[in-house]
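The next block is my_file-v9.tsv, given as TSV, N, CA and C atoms and all ligand atoms.
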chain	number	residue	atom	x	y	z
A	1	MET	N	-28.79	28.97	-80.32
A	1	MET	CA	-28.61	29.50	-78.97
A	1	MET	C	-28.69	28.42	-77.93
A	2	LEU	N	-29.75	27.61	-78.02
A	2	LEU	CA	-29.95	26.50	-77.09
A	2	LEU	C	-28.76	25.56	-77.08
A	3	LYS	N	-28.14	25.38	-78.27
A	3	LYS	CA	-26.96	24.52	-78.38
A	3	LYS	C	-25.86	24.96	-77.41
A	4	LEU	N	-25.74	26.25	-77.21
A	4	LEU	CA	-24.69	26.77	-76.33
A	4	LEU	C	-25.09	26.70	-74.86
A	5	VAL	N	-26.37	26.86	-74.61
A	5	VAL	CA	-26.85	26.91	-73.23
A	5	VAL	C	-26.61	25.59	-72.52
A	6	ILE	N	-26.92	24.48	-73.19
A	6	ILE	CA	-26.80	23.18	-72.52
A	6	ILE	C	-25.36	22.90	-72.08
A	7	PRO	N	-24.36	22.99	-73.03
A	7	PRO	CA	-22.97	22.74	-72.56
A	7	PRO	C	-22.57	23.73	-71.47
A	8	ALA	N	-23.02	24.94	-71.58
A	8	ALA	CA	-22.64	25.92	-70.56
A	8	ALA	C	-23.20	25.52	-69.21
A	9	THR	N	-24.44	25.04	-69.22
A	9	THR	CA	-25.06	24.62	-67.97
A	9	THR	C	-24.29	23.45	-67.37
A	10	LEU	N	-23.93	22.51	-68.27
A	10	LEU	CA	-23.18	21.34	-67.80
A	10	LEU	C	-21.85	21.77	-67.18
A	11	LEU	N	-21.22	22.73	-67.87
A	11	LEU	CA	-19.92	23.20	-67.38
A	11	LEU	C	-20.07	23.83	-65.99
A	12	MET	N	-21.12	24.64	-65.85
A	12	MET	CA	-21.38	25.27	-64.55
A	12	MET	C	-21.58	24.21	-63.47
A	13	ALA	N	-22.39	23.20	-63.86
A	13	ALA	CA	-22.66	22.14	-62.90
A	13	ALA	C	-21.37	21.45	-62.49
A	14	ALA	N	-20.53	21.17	-63.51
A	14	ALA	CA	-19.26	20.48	-63.24
A	14	ALA	C	-18.39	21.32	-62.32
A	15	LEU	N	-18.30	22.62	-62.64
A	15	LEU	CA	-17.49	23.51	-61.81
A	15	LEU	C	-18.01	23.56	-60.39
A	16	PHE	N	-19.35	23.55	-60.30
A	16	PHE	CA	-19.97	23.61	-58.98
A	16	PHE	C	-19.57	22.38	-58.16
A	17	LEU	N	-19.66	21.20	-58.83
A	17	LEU	CA	-19.32	19.95	-58.14
A	17	LEU	C	-17.86	19.97	-57.69
A	18	ILE	N	-16.98	20.40	-58.62
A	18	ILE	CA	-15.56	20.41	-58.28
A	18	ILE	C	-15.32	21.34	-57.09
A	19	SER	N	-15.98	22.51	-57.14
A	19	SER	CA	-15.74	23.45	-56.05
A	19	SER	C	-16.22	22.89	-54.72
A	20	CYS	N	-17.23	22.00	-54.81
A	20	CYS	CA	-17.74	21.42	-53.56
A	20	CYS	C	-16.85	20.32	-53.02
A	21	THR	N	-16.20	19.61	-53.96
A	21	THR	CA	-15.47	18.43	-53.50
A	21	THR	C	-13.98	18.60	-53.65
A	22	GLY	N	-13.53	18.49	-54.92
A	22	GLY	CA	-12.09	18.36	-55.16
A	22	GLY	C	-11.25	19.51	-54.72
A	23	THR	N	-11.73	20.73	-54.90
A	23	THR	CA	-10.82	21.84	-54.71
A	23	THR	C	-10.87	22.39	-53.28
A	24	GLN	N	-11.65	21.77	-52.42
A	24	GLN	CA	-11.68	22.23	-51.03
A	24	GLN	C	-10.28	22.11	-50.43
A	25	PRO	N	-9.80	23.17	-49.82
A	25	PRO	CA	-8.49	23.01	-49.18
A	25	PRO	C	-8.60	21.99	-48.04
A	26	THR	N	-7.68	21.05	-48.01
A	26	THR	CA	-7.78	20.04	-46.96
A	26	THR	C	-7.31	20.63	-45.64
A	27	GLN	N	-8.04	20.30	-44.60
A	27	GLN	CA	-7.68	20.78	-43.27
A	27	GLN	C	-6.33	20.17	-42.88
A	28	PRO	N	-5.46	20.94	-42.28
A	28	PRO	CA	-4.22	20.31	-41.80
A	28	PRO	C	-4.56	19.29	-40.71
A	29	ALA	N	-3.86	18.18	-40.70
A	29	ALA	CA	-4.12	17.16	-39.69
A	29	ALA	C	-3.95	17.77	-38.32
A	30	PRO	N	-4.88	17.47	-37.40
A	30	PRO	CA	-4.72	18.04	-36.06
A	30	PRO	C	-3.44	17.52	-35.43
A	31	THR	N	-2.78	18.39	-34.70
A	31	THR	CA	-1.54	17.95	-34.07
A	31	THR	C	-1.86	16.92	-32.99
A	32	PRO	N	-1.15	15.80	-32.98
A	32	PRO	CA	-1.45	14.77	-31.99
A	32	PRO	C	-1.18	15.30	-30.59
A	33	PRO	N	-1.94	14.82	-29.62
A	33	PRO	CA	-1.69	15.28	-28.25
A	33	PRO	C	-0.30	14.87	-27.81
A	34	PRO	N	0.30	15.63	-26.94
A	34	PRO	CA	1.67	15.28	-26.50
A	34	PRO	C	1.68	13.90	-25.85
A	35	ILE	N	2.73	13.14	-26.13
A	35	ILE	CA	2.85	11.80	-25.55
A	35	ILE	C	3.12	11.95	-24.05
A	36	PRO	N	2.26	11.36	-23.22
A	36	PRO	CA	2.48	11.52	-21.78
A	36	PRO	C	3.79	10.87	-21.35
A	37	VAL	N	4.46	11.54	-20.48
A	37	VAL	CA	5.70	10.99	-19.95
A	37	VAL	C	5.34	9.87	-18.97
A	38	PRO	N	5.81	8.66	-19.21
A	38	PRO	CA	5.41	7.58	-18.30
A	38	PRO	C	5.91	7.83	-16.89
A	39	THR	N	5.01	7.60	-15.94
A	39	THR	CA	5.43	7.76	-14.55
A	39	THR	C	6.34	6.58	-14.22
A	40	PRO	N	7.38	6.80	-13.45
A	40	PRO	CA	8.30	5.69	-13.18
A	40	PRO	C	7.56	4.53	-12.53
A	41	THR	N	7.73	3.34	-13.08
A	41	THR	CA	7.05	2.17	-12.53
A	41	THR	C	7.85	1.64	-11.34
A	42	PRO	N	7.16	1.13	-10.35
A	42	PRO	CA	7.91	0.57	-9.22
A	42	PRO	C	8.70	-0.64	-9.71
A	43	ALA	N	9.71	-0.97	-8.99
A	43	ALA	CA	10.56	-2.09	-9.37
A	43	ALA	C	9.70	-3.32	-9.65
A	44	ALA	N	10.09	-4.08	-10.66
A	44	ALA	CA	9.32	-5.25	-11.05
A	44	ALA	C	9.04	-6.12	-9.82
A	45	ILE	N	7.84	-6.68	-9.83
A	45	ILE	CA	7.44	-7.49	-8.67
A	45	ILE	C	8.19	-8.82	-8.70
A	46	ASP	N	8.76	-9.16	-7.58
A	46	ASP	CA	9.49	-10.42	-7.48
A	46	ASP	C	8.57	-11.46	-6.83
A	47	ALA	N	7.93	-12.25	-7.68
A	47	ALA	CA	6.93	-13.19	-7.18
A	47	ALA	C	7.54	-14.24	-6.25
A	48	ALA	N	8.75	-14.67	-6.59
A	48	ALA	CA	9.39	-15.69	-5.76
A	48	ALA	C	9.61	-15.15	-4.34
A	49	LYS	N	9.98	-13.87	-4.27
A	49	LYS	CA	10.21	-13.24	-2.97
A	49	LYS	C	8.88	-13.12	-2.21
A	50	LEU	N	7.82	-12.73	-2.94
A	50	LEU	CA	6.50	-12.63	-2.31
A	50	LEU	C	6.07	-13.98	-1.76
A	51	PHE	N	6.32	-15.00	-2.55
A	51	PHE	CA	5.94	-16.35	-2.11
A	51	PHE	C	6.72	-16.72	-0.86
A	52	ALA	N	8.03	-16.44	-0.90
A	52	ALA	CA	8.88	-16.78	0.25
A	52	ALA	C	8.41	-16.05	1.50
A	53	THR	N	7.96	-14.81	1.34
A	53	THR	CA	7.53	-14.04	2.50
A	53	THR	C	6.16	-14.46	3.02
A	54	ASN	N	5.22	-14.74	2.10
A	54	ASN	CA	3.83	-14.91	2.52
A	54	ASN	C	3.29	-16.33	2.49
A	55	CYS	N	3.88	-17.21	1.72
A	55	CYS	CA	3.22	-18.48	1.46
A	55	CYS	C	4.05	-19.70	1.85
A	56	VAL	N	5.35	-19.49	1.95
A	56	VAL	CA	6.26	-20.62	2.12
A	56	VAL	C	5.95	-21.48	3.37
A	57	VAL	N	5.59	-20.83	4.44
A	57	VAL	CA	5.35	-21.55	5.70
A	57	VAL	C	4.39	-22.72	5.50
A	58	CYS	N	3.32	-22.47	4.77
A	58	CYS	CA	2.30	-23.51	4.63
A	58	CYS	C	2.41	-24.28	3.31
A	59	HIS	N	2.97	-23.65	2.29
A	59	HIS	CA	2.98	-24.32	0.98
A	59	HIS	C	4.36	-24.86	0.59
A	60	GLY	N	5.35	-24.59	1.43
A	60	GLY	CA	6.65	-25.22	1.21
A	60	GLY	C	7.61	-24.43	0.35
A	61	GLU	N	8.88	-24.59	0.70
A	61	GLU	CA	9.99	-23.93	0.01
A	61	GLU	C	9.92	-24.13	-1.50
A	62	LYS	N	9.63	-25.35	-1.91
A	62	LYS	CA	9.58	-25.64	-3.34
A	62	LYS	C	8.15	-25.79	-3.82
A	63	ARG	N	7.22	-25.22	-3.10
A	63	ARG	CA	5.78	-25.27	-3.42
A	63	ARG	C	5.26	-26.71	-3.46
A	64	GLN	N	5.95	-27.58	-2.73
A	64	GLN	CA	5.57	-28.99	-2.74
A	64	GLN	C	4.47	-29.29	-1.73
A	65	GLY	N	4.11	-28.28	-0.95
A	65	GLY	CA	3.13	-28.49	0.12
A	65	GLY	C	3.82	-28.86	1.40
A	66	VAL	N	3.15	-28.61	2.53
A	66	VAL	CA	3.69	-28.98	3.83
A	66	VAL	C	2.64	-29.83	4.50
A	67	SER	N	3.05	-31.03	4.86
A	67	SER	CA	2.11	-31.96	5.46
A	67	SER	C	1.40	-31.34	6.66
A	68	GLY	N	0.08	-31.36	6.64
A	68	GLY	CA	-0.71	-30.84	7.74
A	68	GLY	C	-0.89	-29.33	7.71
A	69	LEU	N	-0.19	-28.63	6.79
A	69	LEU	CA	-0.31	-27.16	6.76
A	69	LEU	C	-0.93	-26.62	5.48
A	70	GLY	N	-0.43	-27.08	4.35
A	70	GLY	CA	-0.97	-26.55	3.10
A	70	GLY	C	-0.64	-27.44	1.92
A	71	PRO	N	-1.48	-27.41	0.88
A	71	PRO	CA	-1.25	-28.27	-0.29
A	71	PRO	C	-0.16	-27.71	-1.20
A	72	ALA	N	0.28	-28.52	-2.16
A	72	ALA	CA	1.26	-28.08	-3.16
A	72	ALA	C	0.63	-27.00	-4.03
A	73	LEU	N	1.47	-26.10	-4.53
A	73	LEU	CA	1.01	-25.05	-5.45
A	73	LEU	C	1.90	-25.08	-6.69
A	74	THR	N	1.58	-25.95	-7.60
A	74	THR	CA	2.37	-26.08	-8.82
A	74	THR	C	1.41	-26.13	-10.01
A	75	PRO	N	1.93	-25.91	-11.23
A	75	PRO	CA	1.05	-25.99	-12.40
A	75	PRO	C	0.27	-27.32	-12.42
A	76	THR	N	0.92	-28.40	-11.99
A	76	THR	CA	0.25	-29.70	-12.00
A	76	THR	C	-0.84	-29.76	-10.94
A	77	SER	N	-0.50	-29.32	-9.72
A	77	SER	CA	-1.49	-29.44	-8.65
A	77	SER	C	-2.66	-28.48	-8.86
A	78	LEU	N	-2.43	-27.44	-9.67
A	78	LEU	CA	-3.48	-26.43	-9.83
A	78	LEU	C	-4.22	-26.52	-11.17
A	79	THR	N	-4.01	-27.63	-11.91
A	79	THR	CA	-4.65	-27.72	-13.23
A	79	THR	C	-6.16	-27.55	-13.16
A	80	LYS	N	-6.76	-28.02	-12.08
A	80	LYS	CA	-8.22	-27.98	-12.02
A	80	LYS	C	-8.77	-26.60	-11.66
A	81	LEU	N	-7.89	-25.70	-11.22
A	81	LEU	CA	-8.36	-24.37	-10.83
A	81	LEU	C	-8.05	-23.36	-11.94
A	82	SER	N	-9.05	-22.54	-12.27
A	82	SER	CA	-8.82	-21.47	-13.25
A	82	SER	C	-8.02	-20.36	-12.56
A	83	ASP	N	-7.50	-19.45	-13.36
A	83	ASP	CA	-6.80	-18.30	-12.79
A	83	ASP	C	-7.73	-17.54	-11.85
A	84	ALA	N	-9.00	-17.41	-12.25
A	84	ALA	CA	-9.96	-16.66	-11.43
A	84	ALA	C	-10.17	-17.34	-10.09
A	85	GLU	N	-10.21	-18.67	-10.09
A	85	GLU	CA	-10.41	-19.40	-8.83
A	85	GLU	C	-9.18	-19.26	-7.93
A	86	VAL	N	-8.01	-19.34	-8.56
A	86	VAL	CA	-6.78	-19.16	-7.77
A	86	VAL	C	-6.75	-17.75	-7.19
A	87	ARG	N	-7.14	-16.77	-8.02
A	87	ARG	CA	-7.14	-15.38	-7.55
A	87	ARG	C	-8.10	-15.21	-6.36
A	88	SER	N	-9.29	-15.78	-6.47
A	88	SER	CA	-10.23	-15.58	-5.37
A	88	SER	C	-9.79	-16.35	-4.13
A	89	THR	N	-9.11	-17.48	-4.31
A	89	THR	CA	-8.57	-18.19	-3.14
A	89	THR	C	-7.55	-17.32	-2.42
A	90	ILE	N	-6.66	-16.69	-3.23
A	90	ILE	CA	-5.63	-15.86	-2.59
A	90	ILE	C	-6.26	-14.62	-1.96
A	91	LEU	N	-7.21	-14.02	-2.65
A	91	LEU	CA	-7.85	-12.81	-2.12
A	91	LEU	C	-8.67	-13.08	-0.87
A	92	LYS	N	-9.55	-14.07	-0.96
A	92	LYS	CA	-10.54	-14.29	0.10
A	92	LYS	C	-10.14	-15.40	1.07
A	93	GLY	N	-9.19	-16.24	0.66
A	93	GLY	CA	-8.86	-17.38	1.50
A	93	GLY	C	-9.91	-18.47	1.37
A	94	ARG	N	-9.78	-19.51	2.18
A	94	ARG	CA	-10.78	-20.58	2.18
A	94	ARG	C	-11.37	-20.67	3.58
A	95	THR	N	-12.67	-20.55	3.64
A	95	THR	CA	-13.34	-20.57	4.95
A	95	THR	C	-13.03	-21.86	5.69
A	96	ASN	N	-12.86	-21.72	6.99
A	96	ASN	CA	-12.61	-22.86	7.88
A	96	ASN	C	-11.33	-23.63	7.57
A	97	THR	N	-10.37	-22.96	6.93
A	97	THR	CA	-9.06	-23.58	6.74
A	97	THR	C	-8.01	-22.55	7.16
A	98	ALA	N	-6.76	-22.98	7.17
A	98	ALA	CA	-5.68	-22.07	7.55
A	98	ALA	C	-5.39	-21.06	6.43
A	99	MET	N	-5.98	-21.31	5.25
A	99	MET	CA	-5.73	-20.40	4.12
A	99	MET	C	-6.51	-19.10	4.32
A	100	ALA	N	-5.77	-18.08	4.74
A	100	ALA	CA	-6.39	-16.78	4.99
A	100	ALA	C	-6.38	-15.95	3.71
A	101	GLY	N	-7.26	-15.00	3.62
A	101	GLY	CA	-7.29	-14.11	2.45
A	101	GLY	C	-6.19	-13.06	2.53
A	102	PHE	N	-5.66	-12.71	1.39
A	102	PHE	CA	-4.59	-11.71	1.35
A	102	PHE	C	-5.07	-10.37	0.83
A	103	GLU	N	-6.39	-10.21	0.73
A	103	GLU	CA	-6.95	-8.95	0.27
A	103	GLU	C	-6.50	-7.84	1.21
A	104	GLY	N	-5.99	-6.75	0.62
A	104	GLY	CA	-5.53	-5.64	1.45
A	104	GLY	C	-4.09	-5.80	1.90
A	105	ARG	N	-3.58	-7.02	1.82
A	105	ARG	CA	-2.18	-7.23	2.20
A	105	ARG	C	-1.30	-7.29	0.96
A	106	LEU	N	-1.86	-7.85	-0.13
A	106	LEU	CA	-1.12	-7.91	-1.40
A	106	LEU	C	-1.90	-7.10	-2.43
A	107	SER	N	-1.17	-6.40	-3.31
A	107	SER	CA	-1.82	-5.62	-4.35
A	107	SER	C	-2.29	-6.55	-5.46
A	108	ALA	N	-3.17	-6.04	-6.32
A	108	ALA	CA	-3.66	-6.83	-7.46
A	108	ALA	C	-2.49	-7.30	-8.32
A	109	GLU	N	-1.48	-6.42	-8.49
A	109	GLU	CA	-0.32	-6.78	-9.31
A	109	GLU	C	0.49	-7.89	-8.65
A	110	GLU	N	0.59	-7.82	-7.34
A	110	GLU	CA	1.36	-8.85	-6.63
A	110	GLU	C	0.64	-10.19	-6.73
A	111	ILE	N	-0.69	-10.15	-6.63
A	111	ILE	CA	-1.44	-11.40	-6.74
A	111	ILE	C	-1.32	-11.97	-8.16
A	112	ASP	N	-1.38	-11.07	-9.16
A	112	ASP	CA	-1.17	-11.52	-10.55
A	112	ASP	C	0.17	-12.24	-10.68
A	113	ALA	N	1.19	-11.63	-10.11
A	113	ALA	CA	2.54	-12.20	-10.21
A	113	ALA	C	2.59	-13.57	-9.53
A	114	LEU	N	1.91	-13.69	-8.39
A	114	LEU	CA	1.89	-14.98	-7.68
A	114	LEU	C	1.14	-16.04	-8.49
A	115	ILE	N	0.05	-15.63	-9.15
A	115	ILE	CA	-0.71	-16.58	-9.97
A	115	ILE	C	0.18	-17.09	-11.10
A	116	GLN	N	0.90	-16.14	-11.75
A	116	GLN	CA	1.82	-16.55	-12.82
A	116	GLN	C	2.83	-17.55	-12.28
A	117	LEU	N	3.36	-17.26	-11.11
A	117	LEU	CA	4.39	-18.11	-10.53
A	117	LEU	C	3.84	-19.51	-10.26
A	118	ILE	N	2.74	-19.60	-9.52
A	118	ILE	CA	2.31	-20.93	-9.08
A	118	ILE	C	1.59	-21.72	-10.17
A	119	LYS	N	0.97	-21.01	-11.12
A	119	LYS	CA	0.23	-21.74	-12.16
A	119	LYS	C	1.07	-22.00	-13.41
A	120	ARG	N	2.14	-21.23	-13.64
A	120	ARG	CA	2.83	-21.34	-14.92
A	120	ARG	C	4.28	-21.79	-14.81
A	121	THR	N	4.86	-21.71	-13.62
A	121	THR	CA	6.27	-22.10	-13.57
A	121	THR	C	6.44	-23.32	-12.65
A	122	SER	N	7.28	-24.21	-13.08
A	122	SER	CA	7.56	-25.37	-12.22
A	122	SER	C	8.49	-24.92	-11.13
A	123	PRO	N	8.30	-25.47	-9.96
A	123	PRO	CA	9.15	-25.07	-8.83
A	123	PRO	C	10.60	-25.51	-9.06
B	1	LIG	C1	-1.21	-20.40	7.26
B	1	LIG	C2	-0.98	-21.30	6.18
B	1	LIG	C3	-1.13	-20.76	4.76
B	1	LIG	C4	-0.51	-19.67	4.21
B	1	LIG	C5	0.46	-18.69	4.85
B	1	LIG	C6	-0.93	-19.64	2.82
B	1	LIG	N1	-1.78	-20.68	2.56
B	1	LIG	FE1	-2.64	-21.10	0.78
B	1	LIG	N2	-3.58	-22.66	1.59
B	1	LIG	C7	-3.46	-23.10	2.91
B	1	LIG	C8	-4.32	-24.25	3.13
B	1	LIG	C9	-4.49	-25.02	4.41
B	1	LIG	C10	-4.97	-24.50	1.91
B	1	LIG	C11	-5.98	-25.59	1.60
B	1	LIG	C12	-7.36	-25.01	1.81
B	1	LIG	C13	-8.45	-26.03	1.52
B	1	LIG	O1	-8.43	-27.08	2.13
B	1	LIG	O2	-9.29	-25.72	0.66
B	1	LIG	C14	-4.48	-23.50	0.97
B	1	LIG	C15	-4.86	-23.42	-0.34
B	1	LIG	C16	-4.34	-22.55	-1.26
B	1	LIG	C17	-4.69	-22.55	-2.66
B	1	LIG	C18	-5.65	-23.52	-3.34
B	1	LIG	C19	-4.91	-24.78	-3.69
B	1	LIG	C20	-5.79	-25.87	-4.22
B	1	LIG	O3	-5.22	-26.82	-4.77
B	1	LIG	O4	-7.00	-25.82	-4.06
B	1	LIG	C21	-3.97	-21.57	-3.24
B	1	LIG	C22	-3.97	-21.17	-4.71
B	1	LIG	C23	-3.18	-20.94	-2.21
B	1	LIG	N3	-3.44	-21.57	-1.00
B	1	LIG	C24	-2.31	-19.92	-2.41
B	1	LIG	C25	-1.59	-19.30	-1.42
B	1	LIG	C26	-0.70	-18.21	-1.65
B	1	LIG	C27	-0.38	-17.60	-3.01
B	1	LIG	C28	-0.20	-17.85	-0.45
B	1	LIG	C29	0.73	-16.72	-0.16
B	1	LIG	C30	0.34	-15.40	-0.66
B	1	LIG	C31	-0.78	-18.75	0.55
B	1	LIG	N4	-1.62	-19.60	-0.09
B	1	LIG	C32	-0.52	-18.70	1.90
B	1	LIG	C33	-2.67	-22.51	3.87
B	1	LIG	C34	-1.92	-21.39	3.72

Would you mind giving the structure from this file in structure tokens?
Amino acid sequence: MLKLVIPATLLMAALFLISCTGTQPTQPAPTPPPIPVPTPTPAAIDAAKLFATNCVVCHGEKRQGVSGLGPALTPTSLTKLSDAEVRSTILKGRTNTAMAGFEGRLSAEEIDALIQLIKRTSP
């Protein structure tokens, strides 16, 4: 009798384990949320145009600088300044110089575009 009980117990245990794990119906994958429709982005920022409008007077047509008004703004002239330093110069300006801050006049994206222009592209 005992000979039968042990395998039967094992079988029950095995069935129990299977019912707990393997045979569980898998939940259907949740449906992904709808892909948001991108809001139309404003026209790409034209950094050269921004520079021509806001900076050219003091920094020169070709960013070469204007004697007595402003220094050159080129990747070479700006090697010593980090992007963050250039950004804060544009945002806050430089105290006691003609370099005024553009905070509130230029958006963060416009300032980013200007940083790319003056730090990464040769005039
Ligand atoms: C009214 C003149 C004037 C205008 C307009 C002007 N700047 Fe300046 N800018 C200066 C002067 C002067 C300095 C030098 C300040 C100093 O001596 O630290 C300067 C310095 C800078 C520097 C630091 C350069 C360095 O080598 O330390 C950056 C960057 C800069 N300007 C960016 C801009 C940008 C970008 C614009 C346009 C959005 C702009 N400036 C508009 C006068 C001007």

Listing only residues of chain A within 7 Å of ligand LIG 1 (chain B), what is the closest atom pair and its distance in Å (to one decimal) for each, using only N, CA and C atoms and all ligand atoms, sorted by chain and residue number ascending, as CSV?
residue,atom,partner,partner_atom,distance
A:Leu50,C,B:LIG1,C30,6.0
A:Phe51,CA,B:LIG1,C29,5.6
A:Thr53,C,B:LIG1,C29,6.7
A:Asn54,C,B:LIG1,C29,3.7
A:Cys55,CA,B:LIG1,C29,3.5
A:Val56,N,B:LIG1,C5,5.7
A:Val57,N,B:LIG1,C5,5.6
A:Cys58,CA,B:LIG1,C2,4.2
A:His59,N,B:LIG1,C34,5.6
A:Gly68,C,B:LIG1,C9,6.5
A:Leu69,C,B:LIG1,C9,4.0
A:Gly70,CA,B:LIG1,C9,4.1
A:Pro71,N,B:LIG1,C10,4.7
A:Ala72,C,B:LIG1,O3,5.9
A:Leu73,CA,B:LIG1,C19,6.2
A:Ser77,C,B:LIG1,O3,5.1
A:Leu78,CA,B:LIG1,O3,5.4
A:Glu85,C,B:LIG1,C22,6.4
A:Val86,CA,B:LIG1,C22,4.6
A:Arg87,N,B:LIG1,C22,6.4
A:Thr89,C,B:LIG1,C21,5.6
A:Ile90,CA,B:LIG1,C24,5.2
A:Arg94,CA,B:LIG1,O2,5.6
A:Thr95,N,B:LIG1,O2,6.9
A:Thr97,C,B:LIG1,C9,5.1
A:Ala98,C,B:LIG1,C33,4.0
A:Met99,CA,B:LIG1,C33,3.7
A:Ala100,N,B:LIG1,C34,5.2
A:Phe102,CA,B:LIG1,C30,6.5
A:Leu114,CA,B:LIG1,C27,5.8
A:Ile115,N,B:LIG1,C27,6.5

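Excluding Pro75 in chain A itself and any same-chain residue fewer than 6 positions from it, the protein and nucleic acid residues within 10 Å of it, counting only C-alpha atoms, are Leu81, Ile115, Gln116, Leu117, Ile118, Lys119, Arg120, Thr121, Ser122 and Pro123 of chain A.
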
Enter the distance from CA of Ser82 in chain A to CA of Lys49 in chain A, in Å, rounded to one decimal.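 One can read the CA of Ser82 in chain A to CA of Lys49 in chain A distance as 23.1 Å.
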
In Å to one decimal, how far is CA of Gly104 in chain A from atom N of Val66 in chain A? 24.6 Å

Produce range 81-87 of chain A of the given structure as output with all heavy atoms, as a PDB file, in the first residue's frame.
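Result file part.pdb:
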ATOM      1  N   LEU A  81      36.364  78.793 -23.172  1.00  0.00           N
ATOM      2  CA  LEU A  81      35.068  78.866 -22.496  1.00  0.00           C
ATOM      3  C   LEU A  81      34.274  77.580 -22.744  1.00  0.00           C
ATOM      4  O   LEU A  81      34.175  77.119 -23.867  1.00  0.00           O
ATOM      5  CB  LEU A  81      34.248  80.061 -23.012  1.00  0.00           C
ATOM      6  CG  LEU A  81      34.762  81.469 -22.697  1.00  0.00           C
ATOM      7  CD1 LEU A  81      33.771  82.499 -23.217  1.00  0.00           C
ATOM      8  CD2 LEU A  81      34.970  81.660 -21.204  1.00  0.00           C
ATOM      9  N   SER A  82      33.701  77.041 -21.658  1.00  0.00           N
ATOM     10  CA  SER A  82      32.831  75.872 -21.811  1.00  0.00           C
ATOM     11  C   SER A  82      31.496  76.343 -22.388  1.00  0.00           C
ATOM     12  O   SER A  82      31.196  77.547 -22.370  1.00  0.00           O
ATOM     13  CB  SER A  82      32.599  75.217 -20.452  1.00  0.00           C
ATOM     14  OG  SER A  82      31.823  76.085 -19.648  1.00  0.00           O
ATOM     15  N   ASP A  83      30.700  75.386 -22.842  1.00  0.00           N
ATOM     16  CA  ASP A  83      29.358  75.727 -23.323  1.00  0.00           C
ATOM     17  C   ASP A  83      28.579  76.449 -22.229  1.00  0.00           C
ATOM     18  O   ASP A  83      27.863  77.416 -22.504  1.00  0.00           O
ATOM     19  CB  ASP A  83      28.596  74.460 -23.734  1.00  0.00           C
ATOM     20  CG  ASP A  83      29.056  73.923 -25.082  1.00  0.00           C
ATOM     21  OD1 ASP A  83      30.150  74.321 -25.542  1.00  0.00           O
ATOM     22  OD2 ASP A  83      28.329  73.100 -25.665  1.00  0.00           O
ATOM     23  N   ALA A  84      28.729  75.967 -20.990  1.00  0.00           N
ATOM     24  CA  ALA A  84      27.986  76.567 -19.871  1.00  0.00           C
ATOM     25  C   ALA A  84      28.404  78.014 -19.656  1.00  0.00           C
ATOM     26  O   ALA A  84      27.565  78.877 -19.375  1.00  0.00           O
ATOM     27  CB  ALA A  84      28.206  75.747 -18.614  1.00  0.00           C
ATOM     28  N   GLU A  85      29.699  78.292 -19.807  1.00  0.00           N
ATOM     29  CA  GLU A  85      30.170  79.669 -19.622  1.00  0.00           C
ATOM     30  C   GLU A  85      29.667  80.575 -20.748  1.00  0.00           C
ATOM     31  O   GLU A  85      29.287  81.722 -20.498  1.00  0.00           O
ATOM     32  CB  GLU A  85      31.703  79.691 -19.554  1.00  0.00           C
ATOM     33  CG  GLU A  85      32.226  79.105 -18.246  1.00  0.00           C
ATOM     34  CD  GLU A  85      33.727  78.797 -18.273  1.00  0.00           C
ATOM     35  OE1 GLU A  85      34.271  78.452 -19.349  1.00  0.00           O
ATOM     36  OE2 GLU A  85      34.347  78.897 -17.201  1.00  0.00           O
ATOM     37  N   VAL A  86      29.693  80.030 -21.963  1.00  0.00           N
ATOM     38  CA  VAL A  86      29.171  80.812 -23.087  1.00  0.00           C
ATOM     39  C   VAL A  86      27.683  81.086 -22.872  1.00  0.00           C
ATOM     40  O   VAL A  86      27.213  82.216 -23.020  1.00  0.00           O
ATOM     41  CB  VAL A  86      29.416  80.078 -24.432  1.00  0.00           C
ATOM     42  CG1 VAL A  86      28.672  80.774 -25.565  1.00  0.00           C
ATOM     43  CG2 VAL A  86      30.904  80.006 -24.735  1.00  0.00           C
ATOM     44  N   ARG A  87      26.963  80.043 -22.414  1.00  0.00           N
ATOM     45  CA  ARG A  87      25.527  80.205 -22.182  1.00  0.00           C
ATOM     46  C   ARG A  87      25.266  81.291 -21.128  1.00  0.00           C
ATOM     47  O   ARG A  87      24.446  82.175 -21.329  1.00  0.00           O
ATOM     48  CB  ARG A  87      24.918  78.885 -21.703  1.00  0.00           C
ATOM     49  CG  ARG A  87      23.407  78.937 -21.510  1.00  0.00           C
ATOM     50  CD  ARG A  87      22.903  77.660 -20.883  1.00  0.00           C
ATOM     51  NE  ARG A  87      23.421  76.501 -21.595  1.00  0.00           N
ATOM     52  CZ  ARG A  87      22.870  75.991 -22.682  1.00  0.00           C
ATOM     53  NH1 ARG A  87      21.766  76.504 -23.155  1.00  0.00           N
ATOM     54  NH2 ARG A  87      23.413  74.955 -23.285  1.00  0.00           N
TER      55      ARG A  87
END
